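Colleague: File name work_32.txt; file contents compact mmCIF, N, CA and C atoms; full text below.
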```txt
# COMPACT_ATOMS: atom_id res chain seq x y z
N GLY B 389 31.32 22.28 -31.85
CA GLY B 389 31.36 21.17 -30.92
C GLY B 389 30.22 21.23 -29.93
N ILE B 390 29.91 22.43 -29.47
CA ILE B 390 28.83 22.59 -28.50
C ILE B 390 27.49 22.24 -29.14
N ILE B 391 27.28 22.67 -30.36
CA ILE B 391 26.01 22.41 -31.05
C ILE B 391 25.84 20.91 -31.30
N PHE B 392 26.89 20.24 -31.75
CA PHE B 392 26.78 18.81 -32.01
C PHE B 392 26.67 18.01 -30.73
N ASP B 393 27.25 18.49 -29.65
CA ASP B 393 27.06 17.85 -28.36
C ASP B 393 25.60 17.96 -27.94
N MET B 394 25.01 19.10 -28.18
CA MET B 394 23.60 19.30 -27.88
C MET B 394 22.72 18.37 -28.72
N ILE B 395 23.04 18.21 -29.99
CA ILE B 395 22.27 17.31 -30.86
C ILE B 395 22.41 15.87 -30.40
N GLY B 396 23.61 15.46 -30.01
CA GLY B 396 23.83 14.10 -29.53
C GLY B 396 23.04 13.78 -28.28
N VAL B 397 22.95 14.72 -27.36
CA VAL B 397 22.16 14.53 -26.14
C VAL B 397 20.67 14.53 -26.47
N ALA B 398 20.26 15.41 -27.38
CA ALA B 398 18.85 15.48 -27.76
C ALA B 398 18.37 14.18 -28.39
N VAL B 399 19.19 13.55 -29.21
CA VAL B 399 18.82 12.29 -29.84
C VAL B 399 18.57 11.21 -28.80
N LEU B 400 19.38 11.20 -27.76
CA LEU B 400 19.24 10.18 -26.72
C LEU B 400 18.02 10.40 -25.84
N SER B 401 17.53 11.62 -25.75
CA SER B 401 16.41 11.90 -24.85
C SER B 401 15.11 12.22 -25.57
N CYS B 402 15.02 11.89 -26.85
CA CYS B 402 13.82 12.17 -27.65
C CYS B 402 12.76 11.08 -27.48
N GLU B 403 11.54 11.45 -27.85
CA GLU B 403 10.43 10.51 -27.89
C GLU B 403 10.11 10.18 -29.35
N GLU B 404 10.24 8.91 -29.70
CA GLU B 404 10.05 8.50 -31.09
C GLU B 404 8.60 8.62 -31.54
N ALA B 405 7.65 8.42 -30.63
CA ALA B 405 6.23 8.44 -30.99
C ALA B 405 5.80 9.77 -31.59
N THR B 406 6.36 10.85 -31.11
CA THR B 406 6.03 12.17 -31.63
C THR B 406 6.32 12.26 -33.12
N PHE B 407 7.43 11.69 -33.52
CA PHE B 407 7.84 11.79 -34.92
C PHE B 407 7.12 10.79 -35.81
N HIS B 408 6.62 9.69 -35.25
CA HIS B 408 5.78 8.78 -36.03
C HIS B 408 4.48 9.47 -36.40
N ALA B 409 3.94 10.24 -35.47
CA ALA B 409 2.72 10.99 -35.76
C ALA B 409 2.96 12.02 -36.86
N LYS B 410 4.10 12.70 -36.80
CA LYS B 410 4.43 13.68 -37.85
C LYS B 410 4.69 13.00 -39.19
N ALA B 411 5.32 11.81 -39.14
CA ALA B 411 5.61 11.10 -40.39
C ALA B 411 4.33 10.61 -41.04
N SER B 412 3.33 10.24 -40.25
CA SER B 412 2.06 9.80 -40.83
C SER B 412 1.35 10.95 -41.54
N ARG B 413 1.63 12.18 -41.11
CA ARG B 413 1.06 13.36 -41.78
C ARG B 413 1.99 13.90 -42.86
N LYS B 414 3.10 13.16 -43.12
CA LYS B 414 4.09 13.51 -44.15
C LYS B 414 4.71 14.89 -43.93
N ILE B 415 5.07 15.17 -42.69
CA ILE B 415 5.72 16.44 -42.35
C ILE B 415 7.21 16.30 -42.62
N THR B 416 7.76 17.28 -43.30
CA THR B 416 9.17 17.27 -43.70
C THR B 416 10.09 17.11 -42.50
N GLY B 417 11.04 16.19 -42.61
CA GLY B 417 12.04 15.99 -41.58
C GLY B 417 11.70 14.93 -40.56
N SER B 418 10.44 14.50 -40.52
CA SER B 418 10.05 13.53 -39.50
C SER B 418 10.66 12.15 -39.75
N LYS B 419 10.79 11.75 -41.01
CA LYS B 419 11.42 10.45 -41.31
C LYS B 419 12.89 10.45 -40.91
N GLU B 420 13.56 11.58 -41.11
CA GLU B 420 14.96 11.67 -40.69
C GLU B 420 15.08 11.58 -39.17
N CYS B 421 14.12 12.19 -38.46
CA CYS B 421 14.13 12.09 -36.99
C CYS B 421 14.03 10.64 -36.55
N ILE B 422 13.13 9.90 -37.16
CA ILE B 422 12.95 8.49 -36.79
C ILE B 422 14.21 7.70 -37.07
N LYS B 423 14.84 7.96 -38.21
CA LYS B 423 16.10 7.26 -38.52
C LYS B 423 17.18 7.59 -37.49
N LEU B 424 17.28 8.86 -37.12
CA LEU B 424 18.29 9.26 -36.13
C LEU B 424 18.01 8.64 -34.75
N ILE B 425 16.75 8.59 -34.37
CA ILE B 425 16.40 8.03 -33.06
C ILE B 425 16.63 6.52 -33.04
N LYS B 426 16.30 5.83 -34.13
CA LYS B 426 16.51 4.38 -34.18
C LYS B 426 17.98 4.02 -34.09
N GLN B 427 18.83 4.90 -34.53
CA GLN B 427 20.27 4.68 -34.43
C GLN B 427 20.88 5.70 -33.48
N ALA B 428 20.22 5.88 -32.34
CA ALA B 428 20.62 6.92 -31.38
C ALA B 428 22.04 6.72 -30.86
N ASN B 429 22.44 5.47 -30.64
CA ASN B 429 23.80 5.23 -30.14
C ASN B 429 24.85 5.71 -31.14
N LYS B 430 24.65 5.36 -32.41
CA LYS B 430 25.61 5.78 -33.44
C LYS B 430 25.55 7.29 -33.65
N THR B 431 24.34 7.83 -33.70
CA THR B 431 24.18 9.27 -33.90
C THR B 431 24.85 10.05 -32.78
N SER B 432 24.61 9.62 -31.55
CA SER B 432 25.19 10.30 -30.40
C SER B 432 26.71 10.18 -30.39
N SER B 433 27.22 9.00 -30.73
CA SER B 433 28.67 8.81 -30.77
C SER B 433 29.33 9.71 -31.81
N VAL B 434 28.72 9.78 -32.99
CA VAL B 434 29.29 10.63 -34.04
C VAL B 434 29.23 12.09 -33.63
N CYS B 435 28.06 12.53 -33.14
CA CYS B 435 27.91 13.94 -32.78
C CYS B 435 28.77 14.32 -31.59
N ASN B 436 28.73 13.51 -30.54
CA ASN B 436 29.44 13.88 -29.31
C ASN B 436 30.94 13.60 -29.39
N ASP B 437 31.31 12.43 -29.89
CA ASP B 437 32.71 12.02 -29.83
C ASP B 437 33.50 12.43 -31.06
N VAL B 438 33.07 12.01 -32.23
CA VAL B 438 33.86 12.26 -33.45
C VAL B 438 33.93 13.75 -33.76
N ILE B 439 32.77 14.37 -33.90
CA ILE B 439 32.76 15.79 -34.24
C ILE B 439 33.29 16.62 -33.08
N GLY B 440 32.99 16.19 -31.84
CA GLY B 440 33.53 16.90 -30.67
C GLY B 440 35.05 16.86 -30.62
N ASP B 441 35.64 15.71 -30.95
CA ASP B 441 37.11 15.61 -30.98
C ASP B 441 37.71 16.46 -32.08
N ILE B 442 37.07 16.46 -33.24
CA ILE B 442 37.56 17.28 -34.35
C ILE B 442 37.51 18.76 -33.97
N CYS B 443 36.41 19.18 -33.37
CA CYS B 443 36.30 20.59 -32.94
C CYS B 443 37.32 20.92 -31.86
N GLY B 444 37.61 19.96 -30.97
CA GLY B 444 38.63 20.18 -29.95
C GLY B 444 40.01 20.38 -30.54
N ILE B 445 40.34 19.59 -31.56
CA ILE B 445 41.63 19.72 -32.23
C ILE B 445 41.72 21.06 -32.94
N ILE B 446 40.65 21.43 -33.63
CA ILE B 446 40.64 22.70 -34.35
C ILE B 446 40.75 23.88 -33.38
N SER B 447 40.01 23.81 -32.27
CA SER B 447 40.08 24.93 -31.32
C SER B 447 41.45 25.01 -30.66
N GLY B 448 42.11 23.87 -30.48
CA GLY B 448 43.47 23.90 -29.95
C GLY B 448 44.45 24.54 -30.91
N ALA B 449 44.32 24.20 -32.20
CA ALA B 449 45.20 24.79 -33.21
C ALA B 449 44.95 26.29 -33.35
N VAL B 450 43.69 26.67 -33.37
CA VAL B 450 43.36 28.09 -33.47
C VAL B 450 43.83 28.83 -32.22
N GLY B 451 43.68 28.20 -31.06
CA GLY B 451 44.15 28.80 -29.81
C GLY B 451 45.65 29.02 -29.81
N ALA B 452 46.39 28.06 -30.37
CA ALA B 452 47.84 28.22 -30.46
C ALA B 452 48.20 29.39 -31.37
N SER B 453 47.50 29.50 -32.49
CA SER B 453 47.76 30.62 -33.40
C SER B 453 47.42 31.96 -32.75
N ILE B 454 46.30 31.99 -32.05
CA ILE B 454 45.91 33.23 -31.38
C ILE B 454 46.91 33.61 -30.30
N SER B 455 47.38 32.62 -29.54
CA SER B 455 48.33 32.94 -28.46
C SER B 455 49.65 33.45 -29.01
N VAL B 456 50.09 32.93 -30.15
CA VAL B 456 51.31 33.46 -30.78
C VAL B 456 51.10 34.90 -31.22
N GLY B 457 49.92 35.17 -31.81
CA GLY B 457 49.62 36.53 -32.25
C GLY B 457 49.51 37.49 -31.08
N VAL B 458 48.85 37.06 -30.00
CA VAL B 458 48.71 37.91 -28.81
C VAL B 458 50.08 38.16 -28.19
N SER B 459 50.91 37.14 -28.17
CA SER B 459 52.25 37.27 -27.59
C SER B 459 53.09 38.30 -28.34
N SER B 460 53.04 38.24 -29.67
CA SER B 460 53.84 39.18 -30.44
C SER B 460 53.23 40.58 -30.45
N MET B 461 51.89 40.65 -30.40
CA MET B 461 51.23 41.94 -30.44
C MET B 461 51.45 42.75 -29.17
N PHE B 462 51.36 42.08 -28.03
CA PHE B 462 51.48 42.79 -26.75
C PHE B 462 52.84 42.60 -26.09
N ASN B 463 53.74 41.91 -26.78
CA ASN B 463 55.10 41.70 -26.31
C ASN B 463 55.13 41.05 -24.91
N ILE B 464 54.36 39.97 -24.78
CA ILE B 464 54.35 39.20 -23.52
C ILE B 464 54.87 37.79 -23.82
N PRO B 465 55.36 37.10 -22.81
CA PRO B 465 55.87 35.74 -23.05
C PRO B 465 54.78 34.82 -23.60
N ILE B 466 55.19 33.93 -24.48
CA ILE B 466 54.25 33.00 -25.12
C ILE B 466 53.55 32.13 -24.08
N PHE B 467 54.25 31.81 -23.00
CA PHE B 467 53.68 30.98 -21.94
C PHE B 467 52.45 31.66 -21.32
N ILE B 468 52.56 32.94 -21.06
CA ILE B 468 51.46 33.69 -20.45
C ILE B 468 50.28 33.80 -21.42
N SER B 469 50.57 34.15 -22.66
CA SER B 469 49.49 34.30 -23.64
C SER B 469 48.80 32.96 -23.91
N SER B 470 49.56 31.86 -23.93
CA SER B 470 48.92 30.56 -24.17
C SER B 470 48.05 30.15 -22.99
N LEU B 471 48.46 30.50 -21.77
CA LEU B 471 47.61 30.22 -20.61
C LEU B 471 46.31 31.00 -20.67
N ILE B 472 46.39 32.25 -21.04
CA ILE B 472 45.19 33.09 -21.11
C ILE B 472 44.24 32.58 -22.19
N VAL B 473 44.77 32.34 -23.39
CA VAL B 473 43.93 31.90 -24.50
C VAL B 473 43.34 30.51 -24.22
N THR B 474 44.15 29.61 -23.67
CA THR B 474 43.67 28.27 -23.37
C THR B 474 42.57 28.30 -22.31
N SER B 475 42.72 29.13 -21.31
CA SER B 475 41.69 29.21 -20.27
C SER B 475 40.39 29.79 -20.81
N ILE B 476 40.48 30.76 -21.70
CA ILE B 476 39.27 31.33 -22.30
C ILE B 476 38.56 30.28 -23.15
N ILE B 477 39.30 29.57 -23.99
CA ILE B 477 38.70 28.54 -24.85
C ILE B 477 38.08 27.44 -24.00
N ALA B 478 38.80 26.99 -22.98
CA ALA B 478 38.28 25.91 -22.13
C ALA B 478 37.02 26.34 -21.38
N SER B 479 37.01 27.55 -20.86
CA SER B 479 35.83 27.99 -20.12
C SER B 479 34.62 28.15 -21.03
N LEU B 480 34.82 28.66 -22.24
CA LEU B 480 33.71 28.78 -23.19
C LEU B 480 33.18 27.40 -23.61
N THR B 481 34.09 26.47 -23.86
CA THR B 481 33.69 25.14 -24.29
C THR B 481 32.97 24.39 -23.18
N ILE B 482 33.55 24.35 -22.01
CA ILE B 482 32.95 23.60 -20.90
C ILE B 482 31.65 24.26 -20.45
N GLY B 483 31.64 25.57 -20.33
CA GLY B 483 30.43 26.28 -19.94
C GLY B 483 29.31 26.12 -20.96
N GLY B 484 29.67 26.24 -22.23
CA GLY B 484 28.68 26.08 -23.30
C GLY B 484 28.08 24.69 -23.33
N LYS B 485 28.93 23.68 -23.18
CA LYS B 485 28.42 22.31 -23.17
C LYS B 485 27.52 22.06 -21.97
N ALA B 486 27.89 22.58 -20.81
CA ALA B 486 27.07 22.40 -19.61
C ALA B 486 25.70 23.06 -19.76
N ILE B 487 25.68 24.26 -20.29
CA ILE B 487 24.41 24.97 -20.45
C ILE B 487 23.53 24.28 -21.49
N PHE B 488 24.12 23.94 -22.63
CA PHE B 488 23.32 23.41 -23.71
C PHE B 488 22.93 21.94 -23.54
N LYS B 489 23.59 21.21 -22.65
CA LYS B 489 23.13 19.85 -22.37
C LYS B 489 21.79 19.87 -21.67
N SER B 490 21.60 20.78 -20.73
CA SER B 490 20.30 20.87 -20.07
C SER B 490 19.23 21.36 -21.04
N VAL B 491 19.59 22.27 -21.94
CA VAL B 491 18.65 22.71 -22.97
C VAL B 491 18.28 21.54 -23.87
N ALA B 492 19.26 20.71 -24.22
CA ALA B 492 19.02 19.57 -25.10
C ALA B 492 18.08 18.56 -24.47
N ILE B 493 18.18 18.37 -23.18
CA ILE B 493 17.29 17.42 -22.51
C ILE B 493 15.88 17.97 -22.45
N ASN B 494 15.74 19.25 -22.15
CA ASN B 494 14.41 19.86 -22.02
C ASN B 494 13.72 20.11 -23.36
N LYS B 495 14.47 20.38 -24.39
CA LYS B 495 13.90 20.71 -25.70
C LYS B 495 14.35 19.71 -26.77
N SER B 496 14.47 18.45 -26.40
CA SER B 496 15.05 17.45 -27.30
C SER B 496 14.28 17.28 -28.60
N ASN B 497 12.95 17.23 -28.54
CA ASN B 497 12.17 17.03 -29.76
C ASN B 497 12.34 18.20 -30.73
N GLU B 498 12.34 19.42 -30.21
CA GLU B 498 12.48 20.58 -31.08
C GLU B 498 13.87 20.65 -31.71
N ILE B 499 14.89 20.33 -30.92
CA ILE B 499 16.26 20.37 -31.42
C ILE B 499 16.47 19.32 -32.50
N LEU B 500 16.00 18.10 -32.23
CA LEU B 500 16.18 17.03 -33.21
C LEU B 500 15.38 17.32 -34.47
N TYR B 501 14.19 17.86 -34.33
CA TYR B 501 13.38 18.17 -35.50
C TYR B 501 14.03 19.27 -36.36
N SER B 502 14.60 20.27 -35.72
CA SER B 502 15.31 21.32 -36.47
C SER B 502 16.51 20.76 -37.20
N PHE B 503 17.27 19.88 -36.53
CA PHE B 503 18.43 19.25 -37.16
C PHE B 503 17.99 18.36 -38.32
N ALA B 504 16.89 17.64 -38.15
CA ALA B 504 16.40 16.76 -39.21
C ALA B 504 15.92 17.56 -40.41
N LYS B 505 15.28 18.70 -40.18
CA LYS B 505 14.88 19.56 -41.30
C LYS B 505 16.10 20.08 -42.04
N PHE B 506 17.16 20.41 -41.30
CA PHE B 506 18.42 20.83 -41.94
C PHE B 506 19.00 19.70 -42.77
N LEU B 507 18.99 18.47 -42.23
CA LEU B 507 19.49 17.32 -42.99
C LEU B 507 18.65 17.08 -44.23
N ASP B 508 17.35 17.22 -44.12
CA ASP B 508 16.47 17.04 -45.27
C ASP B 508 16.77 18.06 -46.35
N LEU B 509 17.01 19.30 -45.94
CA LEU B 509 17.36 20.35 -46.89
C LEU B 509 18.72 20.04 -47.54
N LEU B 510 19.66 19.56 -46.74
CA LEU B 510 20.98 19.21 -47.25
C LEU B 510 20.90 18.05 -48.24
N TYR B 511 20.08 17.05 -47.92
CA TYR B 511 19.88 15.92 -48.84
C TYR B 511 19.29 16.37 -50.16
N SER B 512 18.36 17.33 -50.12
CA SER B 512 17.73 17.78 -51.37
C SER B 512 18.74 18.49 -52.26
N PHE B 513 19.74 19.15 -51.68
CA PHE B 513 20.76 19.80 -52.51
C PHE B 513 21.78 18.80 -53.04
N VAL B 514 22.11 17.80 -52.24
CA VAL B 514 23.15 16.85 -52.62
C VAL B 514 22.62 15.83 -53.62
N LEU B 515 21.42 15.34 -53.36
CA LEU B 515 20.88 14.28 -54.23
C LEU B 515 20.08 14.84 -55.32
```
Using the file provided, produce a representation of the structure as C-alpha cells.
Modeller:
Amino acid sequence: GIIFDMIGVAVLSCEEATFHAKASRKITGSKECIKLIKQANKTSSVCNDVIGDICGIISGAVGASISVGVSSMFNIPIFISSLIVTSIIASLTIGGKAIFKSVAINKSNEILYSFAKFLDLLYSFVL
C-alpha cells in the first residue's frame, strides 16, 4: 500500500516533457511513463485508492490473525493483543505513507520511470 501510494503521488507530480525526450530516443519504459502521466487521475486513483484499500483490508485481516496468535501465545486478553497489533500496523502504515509521499514528490520522475520499466518487463512476459 505504501509503495503504490508513492507511485500515485509520483504520477501526479511528474514532468511529461522528460519522458517525451526519452521516448524520442526509444528508451525502454518511456512510452509507459507518458501513458501513465496522460491518465494521471486514473492512475493515481487506482494506485492510491483501490490498491490502498485492498492493502488496508489485507493488513486488517493479517493483524487480526496475528493478535489471536499473540493472545494465545502469551496468554493475554485478545483485547490487549489486538490493541497492540493494530497500533503497530497503523503506525507503520501512516508513518510509511508520510515519509514516502515526500520522497515521491522529490523523486517523482525516477519513481515513475522505475515503475514503467517494471510494467514494460511485465508486459513482455504476459504478451
Colleague: Got a sec: who's within 8 Å of B:Val434, counting only N, CA and C atoms, leaving out chain neighbours fewer than 6 positions off, as a list in words?
Modeller: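 Non-adjacent residues within range: Phe392, Asp393, Gly396, Ala428, Gly440 and Asp441 of chain B.
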Colleague: Could you check the closest approach to B:Val458 for each of B:Leu480, B:Ile446, B:Val473, B:Ile390 and tell me which residue wins, using only C-alpha atoms?
Modeller: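 When distances to B:Val458 are compared using only C-alpha atoms, the smallest one comes from B:Val473.
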Colleague: For a quick check of understanding, using all atoms listed in the file, which of B:Ile422, B:Ile482, B:Ser401, B:Leu507 has the smallest distance to B:Lys495?
Modeller: B:Ser401
Colleague: Could you give me, as a PDB file with N, CA and C atoms, keeping the file's coordinate frame, the residues within 9 Å of B:Phe488, counting only C-alpha atoms and dropping anything in the same chain fewer than 3 positions from it?
Modeller:
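Written file, around03.pdb:
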```pdb
ATOM      1  N   ILE B 390      29.910  22.430 -29.470  1.00  0.00           N
ATOM      2  CA  ILE B 390      28.830  22.590 -28.500  1.00  0.00           C
ATOM      3  C   ILE B 390      27.490  22.240 -29.140  1.00  0.00           C
ATOM      4  N   ILE B 391      27.280  22.670 -30.360  1.00  0.00           N
ATOM      5  CA  ILE B 391      26.010  22.410 -31.050  1.00  0.00           C
ATOM      6  C   ILE B 391      25.840  20.910 -31.300  1.00  0.00           C
ATOM      7  N   ASP B 393      27.250  18.490 -29.650  1.00  0.00           N
ATOM      8  CA  ASP B 393      27.060  17.850 -28.360  1.00  0.00           C
ATOM      9  C   ASP B 393      25.600  17.960 -27.940  1.00  0.00           C
ATOM     10  N   MET B 394      25.010  19.100 -28.180  1.00  0.00           N
ATOM     11  CA  MET B 394      23.600  19.300 -27.880  1.00  0.00           C
ATOM     12  C   MET B 394      22.720  18.370 -28.720  1.00  0.00           C
ATOM     13  N   GLY B 483      31.640  25.570 -20.330  1.00  0.00           N
ATOM     14  CA  GLY B 483      30.430  26.280 -19.940  1.00  0.00           C
ATOM     15  C   GLY B 483      29.310  26.120 -20.960  1.00  0.00           C
ATOM     16  N   GLY B 484      29.670  26.240 -22.230  1.00  0.00           N
ATOM     17  CA  GLY B 484      28.680  26.080 -23.300  1.00  0.00           C
ATOM     18  C   GLY B 484      28.080  24.690 -23.330  1.00  0.00           C
ATOM     19  N   LYS B 485      28.930  23.680 -23.180  1.00  0.00           N
ATOM     20  CA  LYS B 485      28.420  22.310 -23.170  1.00  0.00           C
ATOM     21  C   LYS B 485      27.520  22.060 -21.970  1.00  0.00           C
ATOM     22  N   VAL B 491      19.590  22.270 -21.940  1.00  0.00           N
ATOM     23  CA  VAL B 491      18.650  22.710 -22.970  1.00  0.00           C
ATOM     24  C   VAL B 491      18.280  21.540 -23.870  1.00  0.00           C
ATOM     25  N   ALA B 492      19.260  20.710 -24.220  1.00  0.00           N
ATOM     26  CA  ALA B 492      19.020  19.570 -25.100  1.00  0.00           C
ATOM     27  C   ALA B 492      18.080  18.560 -24.470  1.00  0.00           C
ATOM     28  N   ILE B 493      18.180  18.370 -23.180  1.00  0.00           N
ATOM     29  CA  ILE B 493      17.290  17.420 -22.510  1.00  0.00           C
ATOM     30  C   ILE B 493      15.880  17.970 -22.450  1.00  0.00           C
TER      31      ILE B 493
END
```
Colleague: One decimal, Å: what's the distance from atom N of B:Lys489 over to atom CA of B:Thr416, could you say?
Modeller: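 Going from atom N of B:Lys489 over to atom CA of B:Thr416 covers 25.8 Å.
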Colleague: Find the residues near B:Gly451: any atom within 8 Å, counting only N, CA and C atoms, skip ones fewer than 6 places away on the same chain, and give them as a list in words.
Modeller: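 After dropping sequence-adjacent residues, the list is Ile445, Gly457, Ser469, Ser470, Val473, Thr474 and Ile477 of chain B.
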Colleague: Could the centre and edge lengths of an axis-aligned box, enclosing all atoms of stretch 470-489 of chain B in the file with 4 Å extra on each side, be given in Å to one decimal as AutoDock Vina command-line options?
Modeller:
```
--center_x 35.7 --center_y 26.5 --center_z -22.2 --size_x 35.8 --size_y 21.2 --size_z 13.2
```
Colleague: Let me make sure I understand: among B:Ser447, B:Ser496, B:Ser512, B:Ser453, which one has the smallest atom-to-atom distance to B:Thr406 if we use only C-alpha atoms?
Modeller: B:Ser496
Colleague: Could you please determine the separation between atom C of B:Asn436 and atom CA of B:Gly389 in Å, to one decimal place?
Modeller: 7.7 Å
